[in-house]
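Presented below is the structure to which this report refers.
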Amino acid sequence: MSDEPGIKKFMFVNRKAPYGTVYALEALEVVLITAAFDQDVSLAFLDDGVFQLRKGQQTKGIETKNFSPTYRALEGYDIEKLYVEKEALAARGLTEDDLLVDVTVLDRKALGALMDEQDVILSF
Amino acid sequence: MPNIEVNGKSYETDEEGYLVNLADWNKDVADYIAKTENVAMSEQHWEVVDFLRGYYDEYQIAPAVRVLTKAIGKKLGPEKGNSQYLYELFPYGPAKQACKIAGLPKPTGCV
Amino acid sequence: MLHIVNKSPFSSQALDSCVQVAPGGDLLLIEDGVYAASSGTVADNFMRDIMKRFRVHVLGPDLEARGLADRLIDGITPVDYAGFVDLVVRNKTCQSWL
């Protein structure tokens, strides 16, 4: 639980790859709206969700908006807690250097513990 | 969908007057939209509009007012990075009105 | 025949089912299915086994959208939308493993 009165800990759990389904984009939009409420917001990227943060996305060919640059705007919205699942990165042949924002890499156990501490979980 | 006519060319807008196609934007279109909003574009107005376009180019979203204010303060100085200054330039809201003039979509979360 | 897979191999059984059922032929990876064409993942060896039986193609625009164009496994052929149509036309039947 959060220490400050009136402030809750929100975690957005992202488990889907971008573009194939609309989950990733929807999550990002809700995150941006939630930012206005001055809560303690964090984003967790698990499983295929880590693909959302992949560098070098070029969506011209699929005529879909490339929303990956928007993850870099989160810092300006005071959303600085981005957690990425270590095992998910490794399974997909990715390292931190392949991601387009600075993140904290945590193993599954640590992520689970963090999830346990939240007041509100939003699942995508 | 409604259209606006500028210099003999027609541009598609939505019901609220936002440009549908980002690529349609140019300074004449911006001037036209500003007039419909009763905003007389000055150098200070253009500064904010240019900033918004730069922000959109980089992040692919129109910033929330709070974020815009902070970012403008960082780039153009604290005397401009406050909501009073921005509301004087754009009385109906810097994000909403300035975004419309800048040819950007309405900021996410803005109703 | 042509088999089309549009799901990530890390979150769906679609590719598994496809290659267990189908004896061979053309396999086209599209949408989130293109993640299977990326080298260095836990599905890398699985994919290389599949390539012994199937002619594997991947939709280029989907690969680029996901930032994976520089990671394509050697031997998998990128195709554009016209190439997609060619594959459909060239094969008598087509199964999408949705």
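We name chains A, B, ... following the order of the structure tokens; residues begin at 1 in each chain, and ligands are numbered from 1 as shown.
Any residue of chain B with an atom within 10 Å of chain A counts; using only C-alpha atoms, that gives Tyr55, Tyr56, Asp57, Glu58, Tyr59, Gln60, Ile61, Ala62, Pro63, Ala64, Val65, Arg66, Val67, Leu68, Lys70, Ala71, Pro107, Thr108, Gly109 and Cys110 of chain B.
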Distance-based interface of chain A with chain C, 9 Å, counting only C-alpha atoms, as a ChimeraX atom specification: /A:16-21,47-48,51-52,54-62,64,66,90-94
N, CA, C and O atoms of the current selection, written as an mmCIF file, in the first residue's frame:
```
data_model
loop_
_atom_site.group_PDB
_atom_site.id
_atom_site.type_symbol
_atom_site.label_atom_id
_atom_site.label_comp_id
_atom_site.auth_asym_id
_atom_site.auth_seq_id
_atom_site.Cartn_x
_atom_site.Cartn_y
_atom_site.Cartn_z
ATOM 1 N N LYS A 16 0.794 -8.348 -24.102
ATOM 2 C CA LYS A 16 0.514 -8.621 -25.516
ATOM 3 C C LYS A 16 1.469 -7.857 -26.431
ATOM 4 O O LYS A 16 1.841 -6.718 -26.146
ATOM 5 N N ALA A 17 1.801 -8.475 -27.560
ATOM 6 C CA ALA A 17 2.626 -7.814 -28.571
ATOM 7 C C ALA A 17 1.812 -6.670 -29.202
ATOM 8 O O ALA A 17 0.589 -6.708 -29.194
ATOM 9 N N PRO A 18 2.500 -5.652 -29.727
ATOM 10 C CA PRO A 18 1.767 -4.543 -30.350
ATOM 11 C C PRO A 18 1.208 -4.932 -31.721
ATOM 12 O O PRO A 18 1.660 -5.901 -32.326
ATOM 13 N N TYR A 19 0.233 -4.193 -32.204
ATOM 14 C CA TYR A 19 -0.315 -4.287 -33.577
ATOM 15 C C TYR A 19 -1.202 -5.506 -33.861
ATOM 16 O O TYR A 19 -2.242 -5.371 -34.489
ATOM 17 N N GLY A 20 -0.800 -6.715 -33.413
ATOM 18 C CA GLY A 20 -1.595 -7.909 -33.688
ATOM 19 C C GLY A 20 -2.958 -7.837 -33.021
ATOM 20 O O GLY A 20 -3.960 -8.312 -33.541
ATOM 21 N N THR A 21 -2.986 -7.238 -31.821
ATOM 22 C CA THR A 21 -4.231 -6.960 -31.117
ATOM 23 C C THR A 21 -4.159 -5.511 -30.647
ATOM 24 O O THR A 21 -3.114 -4.875 -30.726
ATOM 25 N N ASP A 47 5.860 -11.404 -20.678
ATOM 26 C CA ASP A 47 5.583 -12.239 -21.860
ATOM 27 C C ASP A 47 5.759 -11.428 -23.162
ATOM 28 O O ASP A 47 6.688 -10.651 -23.270
ATOM 29 N N ASP A 48 4.825 -11.559 -24.115
ATOM 30 C CA ASP A 48 4.970 -10.839 -25.387
ATOM 31 C C ASP A 48 4.852 -9.322 -25.221
ATOM 32 O O ASP A 48 5.126 -8.575 -26.164
ATOM 33 N N PHE A 51 7.669 -6.967 -26.319
ATOM 34 C CA PHE A 51 7.814 -6.551 -27.719
ATOM 35 C C PHE A 51 7.301 -5.126 -27.955
ATOM 36 O O PHE A 51 7.663 -4.491 -28.938
ATOM 37 N N GLN A 52 6.447 -4.621 -27.067
ATOM 38 C CA GLN A 52 5.937 -3.254 -27.221
ATOM 39 C C GLN A 52 7.080 -2.236 -27.188
ATOM 40 O O GLN A 52 6.989 -1.181 -27.807
ATOM 41 N N ARG A 54 10.221 -2.692 -28.185
ATOM 42 C CA ARG A 54 11.283 -2.977 -29.152
ATOM 43 C C ARG A 54 11.622 -1.724 -29.954
ATOM 44 O O ARG A 54 10.736 -1.034 -30.449
ATOM 45 N N LYS A 55 12.931 -1.474 -30.058
ATOM 46 C CA LYS A 55 13.419 -0.369 -30.904
ATOM 47 C C LYS A 55 13.134 -0.642 -32.377
ATOM 48 O O LYS A 55 13.002 -1.789 -32.779
ATOM 49 N N GLY A 56 13.119 0.412 -33.172
ATOM 50 C CA GLY A 56 13.134 0.265 -34.633
ATOM 51 C C GLY A 56 11.831 -0.150 -35.277
ATOM 52 O O GLY A 56 11.837 -0.695 -36.379
ATOM 53 N N GLN A 57 10.685 0.078 -34.625
ATOM 54 C CA GLN A 57 9.400 -0.286 -35.237
ATOM 55 C C GLN A 57 9.086 0.677 -36.386
ATOM 56 O O GLN A 57 9.194 1.883 -36.233
ATOM 57 N N GLN A 58 8.730 0.105 -37.537
ATOM 58 C CA GLN A 58 8.425 0.896 -38.744
ATOM 59 C C GLN A 58 7.096 0.417 -39.301
ATOM 60 O O GLN A 58 7.028 -0.630 -39.920
ATOM 61 N N THR A 59 6.025 1.184 -39.078
ATOM 62 C CA THR A 59 4.694 0.661 -39.387
ATOM 63 C C THR A 59 4.101 1.165 -40.699
ATOM 64 O O THR A 59 2.949 0.901 -40.984
ATOM 65 N N LYS A 60 4.904 1.886 -41.469
ATOM 66 C CA LYS A 60 4.384 2.420 -42.737
ATOM 67 C C LYS A 60 3.730 1.330 -43.589
ATOM 68 O O LYS A 60 2.639 1.516 -44.120
ATOM 69 N N GLY A 61 4.394 0.198 -43.673
ATOM 70 C CA GLY A 61 3.936 -0.897 -44.523
ATOM 71 C C GLY A 61 2.610 -1.508 -44.103
ATOM 72 O O GLY A 61 1.917 -2.111 -44.924
ATOM 73 N N ILE A 62 2.250 -1.409 -42.814
ATOM 74 C CA ILE A 62 0.974 -1.990 -42.393
ATOM 75 C C ILE A 62 -0.084 -0.900 -42.179
ATOM 76 O O ILE A 62 -1.178 -1.165 -41.691
ATOM 77 N N THR A 64 -0.537 1.405 -40.089
ATOM 78 C CA THR A 64 -1.022 1.492 -38.719
ATOM 79 C C THR A 64 -0.154 2.514 -38.005
ATOM 80 O O THR A 64 1.018 2.648 -38.332
ATOM 81 N N ASN A 66 2.370 4.060 -35.654
ATOM 82 C CA ASN A 66 3.476 3.578 -34.829
ATOM 83 C C ASN A 66 3.408 4.315 -33.493
ATOM 84 O O ASN A 66 3.799 5.467 -33.391
ATOM 85 N N ALA A 90 14.807 -12.696 -22.284
ATOM 86 C CA ALA A 90 15.751 -13.742 -22.668
ATOM 87 C C ALA A 90 15.113 -14.722 -23.644
ATOM 88 O O ALA A 90 15.730 -15.091 -24.649
ATOM 89 N N ALA A 91 13.880 -15.132 -23.388
ATOM 90 C CA ALA A 91 13.207 -16.105 -24.251
ATOM 91 C C ALA A 91 13.028 -15.568 -25.666
ATOM 92 O O ALA A 91 12.970 -16.328 -26.625
ATOM 93 N N ARG A 92 12.959 -14.255 -25.784
ATOM 94 C CA ARG A 92 12.726 -13.637 -27.088
ATOM 95 C C ARG A 92 14.007 -13.095 -27.724
ATOM 96 O O ARG A 92 13.954 -12.327 -28.685
ATOM 97 N N GLY A 93 15.136 -13.470 -27.162
ATOM 98 C CA GLY A 93 16.421 -13.052 -27.735
ATOM 99 C C GLY A 93 16.678 -11.567 -27.622
ATOM 100 O O GLY A 93 17.395 -10.992 -28.446
ATOM 101 N N LEU A 94 16.093 -10.925 -26.621
ATOM 102 C CA LEU A 94 16.244 -9.473 -26.470
ATOM 103 C C LEU A 94 17.044 -9.131 -25.217
ATOM 104 O O LEU A 94 17.070 -9.895 -24.251
#
```
Contact residues around A:Ala27 with only C-alpha atoms at 9 Å, ignoring same-chain residues under 2 positions, as a list in words: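 Near neighbours after the sequence-gap exclusion: Phe12, Val13, Asn14, Val22, Tyr23, Ala24, Leu25, Glu29, Val30, Val31, Leu32, Leu122, Ser123 and Phe124 of chain A.
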So which residues touch B:Glu16 within 12 Å, counting only C-alpha atoms, skipping near sequence neighbours fewer than 6 positions away, as JSON, numbers by chain? {"B": [1, 2, 3, 4, 33, 36, 37, 96, 97, 100, 105, 106, 111]}
Selected residues written out, all heavy atoms, as a short mmCIF file (atom, residue, chain, number, x, y, z; two decimals), in the first residue's frame:
```
data_model
loop_
_atom_site.label_atom_id
_atom_site.label_comp_id
_atom_site.auth_asym_id
_atom_site.auth_seq_id
_atom_site.Cartn_x
_atom_site.Cartn_y
_atom_site.Cartn_z
N MET B 1 -18.49 14.38 -43.71
CA MET B 1 -17.68 15.14 -42.76
C MET B 1 -17.52 16.59 -43.22
O MET B 1 -17.43 16.85 -44.42
CB MET B 1 -16.31 14.49 -42.60
CG MET B 1 -16.16 13.87 -41.22
SD MET B 1 -14.51 13.31 -40.91
CE MET B 1 -14.83 11.56 -40.60
N PRO B 2 -17.47 17.54 -42.29
CA PRO B 2 -17.34 18.94 -42.69
C PRO B 2 -15.96 19.23 -43.28
O PRO B 2 -15.00 18.55 -42.97
CB PRO B 2 -17.55 19.72 -41.39
CG PRO B 2 -17.30 18.75 -40.29
CD PRO B 2 -17.51 17.38 -40.84
N ASN B 3 -15.94 20.25 -44.11
CA ASN B 3 -14.67 20.63 -44.72
C ASN B 3 -14.43 22.11 -44.48
O ASN B 3 -15.36 22.86 -44.25
CB ASN B 3 -14.70 20.39 -46.23
CG ASN B 3 -14.49 18.93 -46.56
OD1 ASN B 3 -13.38 18.44 -46.50
ND2 ASN B 3 -15.56 18.25 -46.89
N ILE B 4 -13.16 22.51 -44.50
CA ILE B 4 -12.86 23.94 -44.51
C ILE B 4 -12.19 24.27 -45.84
O ILE B 4 -11.55 23.41 -46.45
CB ILE B 4 -11.98 24.39 -43.31
CG1 ILE B 4 -10.69 23.56 -43.24
CG2 ILE B 4 -12.76 24.30 -42.01
CD1 ILE B 4 -9.68 24.11 -42.25
N ILE B 33 -7.88 28.37 -39.13
CA ILE B 33 -8.49 27.76 -37.94
C ILE B 33 -8.42 28.75 -36.77
O ILE B 33 -9.37 28.90 -36.00
CB ILE B 33 -7.80 26.43 -37.57
CG1 ILE B 33 -7.98 25.42 -38.71
CG2 ILE B 33 -8.37 25.85 -36.27
CD1 ILE B 33 -7.19 24.12 -38.54
N THR B 36 -11.22 31.20 -36.92
CA THR B 36 -12.50 30.63 -36.48
C THR B 36 -12.56 30.51 -34.96
O THR B 36 -13.63 30.45 -34.37
CB THR B 36 -12.78 29.25 -37.11
OG1 THR B 36 -11.81 28.32 -36.60
CG2 THR B 36 -12.68 29.28 -38.63
N GLU B 37 -11.39 30.47 -34.32
CA GLU B 37 -11.32 30.38 -32.86
C GLU B 37 -11.15 31.75 -32.21
O GLU B 37 -10.93 31.85 -31.00
CB GLU B 37 -10.11 29.50 -32.46
CG GLU B 37 -10.21 28.06 -32.90
CD GLU B 37 -11.06 27.21 -31.95
OE1 GLU B 37 -11.02 27.46 -30.74
OE2 GLU B 37 -11.79 26.32 -32.43
N LYS B 96 -6.28 22.11 -26.05
CA LYS B 96 -7.39 21.94 -26.97
C LYS B 96 -7.30 22.92 -28.16
O LYS B 96 -7.31 22.52 -29.32
CB LYS B 96 -8.69 22.19 -26.21
CG LYS B 96 -9.77 21.21 -26.53
CD LYS B 96 -10.88 21.33 -25.50
CE LYS B 96 -12.14 20.62 -25.96
NZ LYS B 96 -13.17 20.68 -24.93
N GLN B 97 -7.21 24.20 -27.86
CA GLN B 97 -7.25 25.20 -28.91
C GLN B 97 -5.95 25.25 -29.72
O GLN B 97 -5.97 25.31 -30.95
CB GLN B 97 -7.52 26.57 -28.28
CG GLN B 97 -8.20 27.53 -29.21
CD GLN B 97 -8.73 28.73 -28.44
OE1 GLN B 97 -8.15 29.14 -27.43
NE2 GLN B 97 -9.82 29.31 -28.91
N LYS B 100 -5.65 22.32 -32.03
CA LYS B 100 -6.51 22.45 -33.21
C LYS B 100 -5.81 23.31 -34.26
O LYS B 100 -5.76 22.95 -35.44
CB LYS B 100 -7.84 23.08 -32.80
CG LYS B 100 -8.92 22.94 -33.84
CD LYS B 100 -10.14 23.77 -33.51
CE LYS B 100 -11.23 22.95 -32.85
NZ LYS B 100 -12.51 23.70 -32.77
N PRO B 105 -4.44 16.03 -33.40
CA PRO B 105 -5.67 15.51 -32.79
C PRO B 105 -5.83 16.07 -31.38
O PRO B 105 -4.87 16.57 -30.80
CB PRO B 105 -5.44 14.00 -32.75
CG PRO B 105 -3.98 13.80 -32.90
CD PRO B 105 -3.44 14.99 -33.62
N LYS B 106 -7.04 15.97 -30.86
CA LYS B 106 -7.29 16.42 -29.50
C LYS B 106 -6.44 15.59 -28.54
O LYS B 106 -6.30 14.40 -28.73
CB LYS B 106 -8.79 16.22 -29.18
CG LYS B 106 -9.33 17.26 -28.27
CD LYS B 106 -10.82 17.41 -28.38
CE LYS B 106 -11.60 16.14 -28.10
NZ LYS B 106 -13.01 16.41 -27.85
N VAL B 111 -11.69 15.94 -22.90
CA VAL B 111 -13.07 15.74 -23.36
C VAL B 111 -13.74 17.04 -23.79
O VAL B 111 -13.25 18.11 -23.52
CB VAL B 111 -13.93 15.05 -22.28
CG1 VAL B 111 -13.71 13.55 -22.31
CG2 VAL B 111 -13.63 15.61 -20.91
#
```
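Within stretch 67-98 of chain B, DSSP applied to the backbone places the following residues in alpha helix (DSSP H): B:Val67, B:Leu68, B:Thr69, B:Lys70, B:Ala71, B:Ile72, B:Gly73, B:Lys74, B:Lys75, B:Leu76, B:Ser83, B:Gln84, B:Tyr85, B:Leu86, B:Tyr87, B:Glu88, B:Leu89.
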Convert the current residue selection to file output with N, CA and C atoms, as a compact mmCIF listing (two decimals), in the first residue's frame.
```txt
# COMPACT_ATOMS: atom_id res chain seq x y z
N VAL B 67 1.62 18.58 -19.01
CA VAL B 67 2.88 18.15 -19.62
C VAL B 67 3.39 19.23 -20.57
N LEU B 68 2.47 19.83 -21.32
CA LEU B 68 2.84 20.90 -22.24
C LEU B 68 3.45 22.08 -21.48
N THR B 69 2.78 22.48 -20.39
CA THR B 69 3.25 23.62 -19.59
C THR B 69 4.67 23.38 -19.09
N LYS B 70 4.88 22.19 -18.57
CA LYS B 70 6.20 21.85 -18.03
C LYS B 70 7.26 21.86 -19.14
N ALA B 71 6.90 21.25 -20.27
CA ALA B 71 7.86 21.14 -21.37
C ALA B 71 8.18 22.51 -21.98
N ILE B 72 7.16 23.37 -22.06
CA ILE B 72 7.40 24.73 -22.60
C ILE B 72 8.31 25.50 -21.65
N GLY B 73 8.08 25.35 -20.36
CA GLY B 73 8.93 26.01 -19.36
C GLY B 73 10.39 25.61 -19.52
N LYS B 74 10.57 24.34 -19.79
CA LYS B 74 11.92 23.81 -19.94
C LYS B 74 12.59 24.39 -21.19
N LYS B 75 11.81 24.48 -22.26
CA LYS B 75 12.38 24.89 -23.55
C LYS B 75 12.41 26.41 -23.71
N LEU B 76 11.35 27.10 -23.30
CA LEU B 76 11.23 28.54 -23.60
C LEU B 76 11.35 29.43 -22.36
N SER B 83 0.48 28.13 -16.78
CA SER B 83 -0.81 28.04 -17.46
C SER B 83 -1.41 29.42 -17.71
N GLN B 84 -1.06 30.41 -16.87
CA GLN B 84 -1.62 31.75 -17.09
C GLN B 84 -1.19 32.30 -18.45
N TYR B 85 0.10 32.19 -18.74
CA TYR B 85 0.63 32.65 -20.02
C TYR B 85 -0.05 31.94 -21.19
N LEU B 86 -0.16 30.62 -21.06
CA LEU B 86 -0.71 29.83 -22.16
C LEU B 86 -2.21 30.07 -22.34
N TYR B 87 -2.93 30.27 -21.23
CA TYR B 87 -4.38 30.54 -21.34
C TYR B 87 -4.64 31.94 -21.89
N GLU B 88 -3.69 32.87 -21.66
CA GLU B 88 -3.84 34.19 -22.27
C GLU B 88 -3.75 34.10 -23.79
N LEU B 89 -2.83 33.24 -24.25
CA LEU B 89 -2.68 33.06 -25.70
C LEU B 89 -3.85 32.28 -26.29
```
Test item: residues at most 6 Å from stretch 101-114 of chain A, only C-alpha atoms, excluding those fewer than 4 positions along its chain, as an mmCIF file with N, CA and C atoms, in the first residue's frame:
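As written to disk, selection-v2.cif reads:
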```
data_model
loop_
_atom_site.group_PDB
_atom_site.id
_atom_site.type_symbol
_atom_site.label_atom_id
_atom_site.label_comp_id
_atom_site.auth_asym_id
_atom_site.auth_seq_id
_atom_site.Cartn_x
_atom_site.Cartn_y
_atom_site.Cartn_z
ATOM 1 N N LEU A 82 9.022 1.674 -15.104
ATOM 2 C CA LEU A 82 8.750 0.682 -16.141
ATOM 3 C C LEU A 82 9.525 -0.594 -15.783
ATOM 4 N N TYR A 83 8.786 -1.672 -15.552
ATOM 5 C CA TYR A 83 9.415 -2.934 -15.181
ATOM 6 C C TYR A 83 9.274 -3.947 -16.312
ATOM 7 N N VAL A 84 10.369 -4.622 -16.601
ATOM 8 C CA VAL A 84 10.354 -5.596 -17.696
ATOM 9 C C VAL A 84 10.780 -6.958 -17.159
ATOM 10 N N GLU A 85 10.060 -7.986 -17.562
ATOM 11 C CA GLU A 85 10.362 -9.347 -17.104
ATOM 12 C C GLU A 85 11.628 -9.885 -17.758
ATOM 13 N N LYS A 86 12.593 -10.230 -16.910
ATOM 14 C CA LYS A 86 13.886 -10.706 -17.366
ATOM 15 C C LYS A 86 13.766 -11.966 -18.224
#
```
Taking only chain C into account, list the residues labelled strand (DSSP E or B) by DSSP (computed from the backbone), as a VMD selection string. chain C and resid 2 to 5 25 to 29 38 54 to 59 72 77 to 79 94 to 97
All residues 10 Å or closer to B:Val39, only C-alpha atoms, same chain fewer than 2 positions away omitted, as a ChimeraX atom specification: /B:31-37,41-42,45,89-92,97-98,101
Any chance you can output those residues with all heavy atoms as a short mmCIF file (atom, residue, chain, number, x, y, z; two decimals), in the first residue's frame?
```cif
data_model
loop_
_atom_site.label_atom_id
_atom_site.label_comp_id
_atom_site.auth_asym_id
_atom_site.auth_seq_id
_atom_site.Cartn_x
_atom_site.Cartn_y
_atom_site.Cartn_z
N ASP B 31 -3.71 29.60 -39.77
CA ASP B 31 -4.26 30.96 -39.66
C ASP B 31 -5.78 30.93 -39.77
O ASP B 31 -6.48 31.62 -39.03
CB ASP B 31 -3.70 31.85 -40.78
CG ASP B 31 -2.55 32.71 -40.26
OD1 ASP B 31 -2.60 33.09 -39.07
OD2 ASP B 31 -1.62 32.98 -41.04
N TYR B 32 -6.27 30.12 -40.70
CA TYR B 32 -7.71 30.02 -40.92
C TYR B 32 -8.42 29.47 -39.66
O TYR B 32 -9.41 30.03 -39.19
CB TYR B 32 -8.01 29.14 -42.13
CG TYR B 32 -9.49 28.97 -42.41
CD1 TYR B 32 -10.16 29.84 -43.27
CD2 TYR B 32 -10.21 27.95 -41.78
CE1 TYR B 32 -11.52 29.70 -43.50
CE2 TYR B 32 -11.57 27.81 -42.00
CZ TYR B 32 -12.23 28.68 -42.87
OH TYR B 32 -13.57 28.53 -43.08
N ILE B 33 -7.88 28.37 -39.13
CA ILE B 33 -8.49 27.76 -37.94
C ILE B 33 -8.42 28.75 -36.77
O ILE B 33 -9.37 28.90 -36.00
CB ILE B 33 -7.80 26.43 -37.57
CG1 ILE B 33 -7.98 25.42 -38.71
CG2 ILE B 33 -8.37 25.85 -36.27
CD1 ILE B 33 -7.19 24.12 -38.54
N ALA B 34 -7.28 29.46 -36.65
CA ALA B 34 -7.13 30.44 -35.57
C ALA B 34 -8.23 31.51 -35.65
O ALA B 34 -8.81 31.88 -34.63
CB ALA B 34 -5.74 31.08 -35.64
N LYS B 35 -8.51 31.94 -36.87
CA LYS B 35 -9.56 32.97 -37.04
C LYS B 35 -10.91 32.45 -36.57
O LYS B 35 -11.66 33.16 -35.89
CB LYS B 35 -9.64 33.39 -38.51
CG LYS B 35 -8.61 34.45 -38.86
CD LYS B 35 -8.99 35.23 -40.11
CE LYS B 35 -7.79 36.05 -40.59
NZ LYS B 35 -6.95 35.30 -41.57
N THR B 36 -11.22 31.20 -36.92
CA THR B 36 -12.50 30.63 -36.48
C THR B 36 -12.56 30.51 -34.96
O THR B 36 -13.63 30.45 -34.37
CB THR B 36 -12.78 29.25 -37.11
OG1 THR B 36 -11.81 28.32 -36.60
CG2 THR B 36 -12.68 29.28 -38.63
N GLU B 37 -11.39 30.47 -34.32
CA GLU B 37 -11.32 30.38 -32.86
C GLU B 37 -11.15 31.75 -32.21
O GLU B 37 -10.93 31.85 -31.00
CB GLU B 37 -10.11 29.50 -32.46
CG GLU B 37 -10.21 28.06 -32.90
CD GLU B 37 -11.06 27.21 -31.95
OE1 GLU B 37 -11.02 27.46 -30.74
OE2 GLU B 37 -11.79 26.32 -32.43
N MET B 41 -3.09 35.29 -34.41
CA MET B 41 -1.78 34.64 -34.26
C MET B 41 -0.64 35.65 -34.17
O MET B 41 -0.42 36.44 -35.08
CB MET B 41 -1.54 33.69 -35.44
CG MET B 41 -2.47 32.48 -35.46
SD MET B 41 -2.29 31.39 -34.02
CE MET B 41 -0.77 30.53 -34.47
N SER B 42 0.11 35.59 -33.06
CA SER B 42 1.30 36.43 -32.89
C SER B 42 2.51 35.50 -32.88
O SER B 42 2.37 34.28 -32.95
CB SER B 42 1.22 37.18 -31.57
OG SER B 42 1.31 36.24 -30.50
N HIS B 45 2.14 33.00 -30.22
CA HIS B 45 1.23 31.89 -30.56
C HIS B 45 1.95 30.85 -31.43
O HIS B 45 1.85 29.66 -31.19
CB HIS B 45 0.01 32.42 -31.35
CG HIS B 45 -0.95 33.20 -30.52
ND1 HIS B 45 -0.84 34.57 -30.36
CD2 HIS B 45 -2.03 32.82 -29.79
CE1 HIS B 45 -1.84 34.99 -29.58
NE2 HIS B 45 -2.57 33.95 -29.21
N LEU B 89 -2.83 33.24 -24.25
CA LEU B 89 -2.68 33.06 -25.70
C LEU B 89 -3.85 32.28 -26.29
O LEU B 89 -4.35 32.60 -27.36
CB LEU B 89 -1.38 32.31 -26.01
CG LEU B 89 -0.05 33.04 -25.72
CD1 LEU B 89 1.11 32.09 -25.99
CD2 LEU B 89 0.08 34.29 -26.59
N PHE B 90 -4.26 31.24 -25.58
CA PHE B 90 -5.33 30.35 -26.07
C PHE B 90 -6.40 30.22 -24.99
O PHE B 90 -6.37 29.28 -24.19
CB PHE B 90 -4.74 28.97 -26.43
CG PHE B 90 -3.64 29.04 -27.45
CD1 PHE B 90 -2.30 29.00 -27.06
CD2 PHE B 90 -3.93 29.15 -28.80
CE1 PHE B 90 -1.28 29.07 -28.01
CE2 PHE B 90 -2.91 29.21 -29.75
CZ PHE B 90 -1.58 29.17 -29.35
N PRO B 91 -7.35 31.16 -24.96
CA PRO B 91 -8.32 31.23 -23.87
C PRO B 91 -9.15 29.96 -23.66
O PRO B 91 -9.57 29.67 -22.56
CB PRO B 91 -9.24 32.39 -24.28
CG PRO B 91 -8.46 33.17 -25.28
CD PRO B 91 -7.55 32.21 -25.96
N TYR B 92 -9.39 29.21 -24.74
CA TYR B 92 -10.19 27.99 -24.58
C TYR B 92 -9.33 26.77 -24.24
O TYR B 92 -9.74 25.63 -24.44
CB TYR B 92 -11.04 27.73 -25.82
CG TYR B 92 -12.25 28.63 -25.85
CD1 TYR B 92 -12.20 29.86 -26.53
CD2 TYR B 92 -13.41 28.29 -25.16
CE1 TYR B 92 -13.29 30.70 -26.52
CE2 TYR B 92 -14.50 29.14 -25.16
CZ TYR B 92 -14.44 30.34 -25.83
OH TYR B 92 -15.53 31.18 -25.81
N GLN B 97 -7.21 24.20 -27.86
CA GLN B 97 -7.25 25.20 -28.91
C GLN B 97 -5.95 25.25 -29.72
O GLN B 97 -5.97 25.31 -30.95
CB GLN B 97 -7.52 26.57 -28.28
CG GLN B 97 -8.20 27.53 -29.21
CD GLN B 97 -8.73 28.73 -28.44
OE1 GLN B 97 -8.15 29.14 -27.43
NE2 GLN B 97 -9.82 29.31 -28.91
N ALA B 98 -4.82 25.21 -29.02
CA ALA B 98 -3.54 25.27 -29.73
C ALA B 98 -3.33 24.02 -30.57
O ALA B 98 -2.79 24.08 -31.67
CB ALA B 98 -2.38 25.45 -28.73
N ILE B 101 -5.23 24.41 -33.82
CA ILE B 101 -4.53 25.30 -34.74
C ILE B 101 -3.27 24.62 -35.30
O ILE B 101 -2.89 24.83 -36.45
CB ILE B 101 -4.17 26.64 -34.03
CG1 ILE B 101 -5.47 27.36 -33.64
CG2 ILE B 101 -3.32 27.54 -34.92
CD1 ILE B 101 -5.27 28.51 -32.66
#
```
For atom CA of B:Ala102 and atom CA of B:Arg53, the interatomic separation in Å (one decimal): 6.4 Å
Spatial neighbours of stretch 13-25 of chain C, 12 Å, only C-alpha atoms, chain gap at least 5 places, as JSON, numbers by chain: {"C": [1, 2, 3, 4, 5, 6, 7, 8, 30, 32, 33, 34, 35, 36, 37, 43, 46, 47, 49, 50, 51, 52, 53, 54, 55, 56, 57, 87, 90, 91, 92, 93, 94, 95, 96, 97, 98]}
Please, what distance in Å, to one decimal, runs between atom CA of B:Ser10 and atom CA of B:Asn38? 20.8 Å
